[in-house]
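What follows is the content of structure.txt (compact mmCIF, C-alpha atoms).
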```txt
# COMPACT_ATOMS: atom_id res chain seq x y z
CA MET Z 371 -29.10 50.05 -37.21
CA ASP Z 372 -27.17 46.98 -36.20
CA ASP Z 373 -24.45 46.14 -33.67
CA VAL Z 374 -21.25 48.17 -33.39
CA GLY Z 375 -17.83 47.44 -31.98
CA PRO Z 376 -14.89 49.67 -31.08
CA ILE Z 377 -11.76 49.73 -33.22
CA LYS Z 378 -9.05 49.17 -30.58
CA ASP Z 379 -6.31 51.26 -32.22
CA LEU Z 380 -8.59 54.28 -32.62
CA PHE Z 381 -9.12 55.36 -29.02
CA ILE Z 382 -7.84 58.94 -28.61
CA GLU Z 383 -7.51 60.56 -25.20
CA THR Z 384 -7.86 64.35 -25.23
CA THR Z 385 -9.24 67.20 -23.15
CA ILE Z 386 -12.02 69.74 -23.62
CA GLY Z 387 -12.71 73.07 -21.94
CA LYS Z 388 -10.81 76.31 -21.55
CA GLU Z 389 -11.05 77.40 -17.90
CA LYS Z 390 -11.65 73.92 -16.51
CA THR Z 391 -10.41 71.05 -18.64
CA VAL Z 392 -12.01 67.62 -18.63
CA SER Z 393 -10.40 64.47 -20.01
CA ILE Z 394 -12.39 62.60 -22.64
CA VAL Z 395 -11.81 59.60 -24.87
CA LYS Z 396 -12.82 59.71 -28.53
CA MET Z 397 -13.66 56.32 -30.02
CA VAL Z 398 -14.21 55.11 -33.56
CA PHE Z 399 -16.68 52.27 -34.03
CA LYS Z 400 -17.17 49.73 -36.79
CA LEU Z 401 -20.72 48.89 -37.80
CA ASP Z 402 -21.58 45.25 -38.46
CA GLN Z 403 -23.92 46.39 -41.25
CA PRO Z 404 -23.55 49.60 -43.28
CA VAL Z 405 -25.95 52.47 -42.63
CA GLU Z 406 -28.31 53.32 -45.49
CA SER Z 407 -27.36 56.60 -47.16
CA ASN Z 408 -30.60 58.39 -46.22
CA MET Z 409 -30.10 57.44 -42.54
CA PHE Z 410 -26.46 58.58 -42.66
CA ASP Z 411 -27.52 61.91 -44.18
CA TYR Z 412 -30.17 62.35 -41.45
CA ILE Z 413 -27.85 61.68 -38.49
CA THR Z 414 -24.95 63.75 -39.87
CA ASP Z 415 -26.98 66.77 -41.04
CA LYS Z 416 -25.43 69.87 -39.48
CA GLU Z 417 -28.50 72.12 -39.83
```

Once more with this new file: its structure as structure tokens, please.
Amino acid sequence: MDDVGPIKDLFIETTIGKEKTVSIVKMVFKLDQPVESNMFDYITDKE
């Protein structure tokens, strides 16, 4: 994989946890080069 960079308008602050909440920031990144489909399938496989 190649370099990535954050998309500035896609930073989302939220919290996780039920009894004790923790603040987190979700970020969306842009890849300089697209990921090959077999690599994408491998890293996003939910099983």

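Here the question is which of Z:Glu389, Z:Met397, Z:Lys416, Z:Met409 gets nearest to Z:Val374 using all atoms listed in the file, and that residue is Z:Met397.
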
Subject >> Between atom CA of Z:Asp373 and atom CA of Z:Phe399, distance in Å (one decimal) >> reply: 9.9 Å

Subject >> Which of Z:Glu406, Z:Lys388, Z:Val398, Z:Tyr412 sits closest to Z:Gly375 [using all atoms listed in the file] >> reply: Z:Val398

**OP:** Quote the spacing between atom CA of Z:Asp379 and atom CA of Z:Ile413 in Å to one decimal place.
**Re:** 24.7 Å

Subject >> Å distance separating atom CA of Z:Val395 from atom CA of Z:Phe381, one decimal place >> reply: 6.5 Å

Subject >> Spatial sel., origin (-7.9, 60.4, -22.3), limit 9 Å, all atoms listed in the file, listed as a PyMOL selection string >> reply: chain Z and resi 381-385+393-396

With all atoms of stretch 402-415 of chain Z from the file as input, state the centre and edge lengths in Å to one decimal of the axis-aligned box that has 8 Å extra on each side, as JSON.
```
{"center_x": -26.1, "center_y": 56.0, "center_z": -42.8, "size_x": 25.0, "size_y": 37.5, "size_z": 24.7}
```
